[in-house]
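**Q** Take this structure, written in structure tokens, and hold onto it; I'll ask about it next.
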Amino acid sequence: MLRCRDTMSLLHDYLEGTLDPDLRRQLDEHLADCPGCLGFLNTYRHTVSVAGDFRSEDIPAELRRKLRSFIKQKIEKRSLLARLRGKLRGSSS
Ligand SMILES: [Zn+2]
């Protein structure tokens with residue numbers, strides 16, 4: 001079973017269609033019952049499609065840096081939330 005933080009590193013390949021079929025299936029299953037990751041996927045997909053309108057060499061280095069740190073922040077925030085949620089769940093049982 002994939003954890004939320006695992007899905008993040010798979011999204012790029014998932015959207016590129018290059019993800020291993022078995023992982024892809026596991027990711028689909030995770031997304032089916034994890035609204036958080038599904039929301040992230042949609043944000044990521046949007047970001048990629050916006051960025052995809054440019055060839056990477058047409059994107060100014062400054063913007064590329066910002067884009068990368070934006071995505072990184074999103075990922076870190078997500079995995080932090082997932083960790084916190086896991087802790088809460090653990091303490092309530
Ligand atoms: Zn998730």
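Ligands are numbered from 1 in the order shown, chains are lettered A, B, ... in the order of the structure tokens, and residues start at 1 in each chain.
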A:Leu10: which residues within 10 Å, counting only C-alpha atoms, same-chain residues fewer than 4 positions away excluded, as a PyMOL selection string?

**A** chain A and resi 5-6+14-15+18-20+23-24+27

**Q** Would you list the contacts of A:Met1 as a ChimeraX atom specification, taking every protein, DNA or RNA residue within 9 Å and counting only C-alpha atoms, but skipping same-chain residues closer than 6 positions in sequence?

**A** /A:26-27,29-30

**Q** Please identify all protein, DNA and RNA residues within 6 Å of ligand 1, counting only C-alpha atoms and all ligand atoms, and report them as a list in words.

**A**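 My answer, listing the contacting residues, is Cys4, Cys34, Gly36 and Cys37 of chain A.
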
**Q** Expressed in Å to a single decimal, how great is the separation between atom CA of A:Thr43 and atom CA of A:Ser79?

**A**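 Going from atom CA of A:Thr43 over to atom CA of A:Ser79, I get 15.3 Å.
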
**Q** Extract, using only C-alpha atoms, all DNA, RNA and protein residues at most 12 Å from stretch 66-78 of chain A, discarding same-chain residues fewer than 5 positions from it, and format them as an NGL selection string.

**A** :A and (3-12 or 34-41 or 43-48 or 50-51 or 56 or 59-61 or 83-85)

**Q** What gap, in Å, lies between atom CA of A:Leu81 and atom CA of A:Asn42?

**A**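 Distance reported for this atom pair: 17.6 Å.
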
**Q** Out of chain A, which residues get alpha helix (DSSP H) from DSSP, as a ChimeraX atom specification?

**A** /A:4-16,21-32,35-51,61-92

**Q** Just how far from atom CA of A:Leu2 is atom CA of A:Asp22, in Å to one decimal?

**A** 11.6 Å
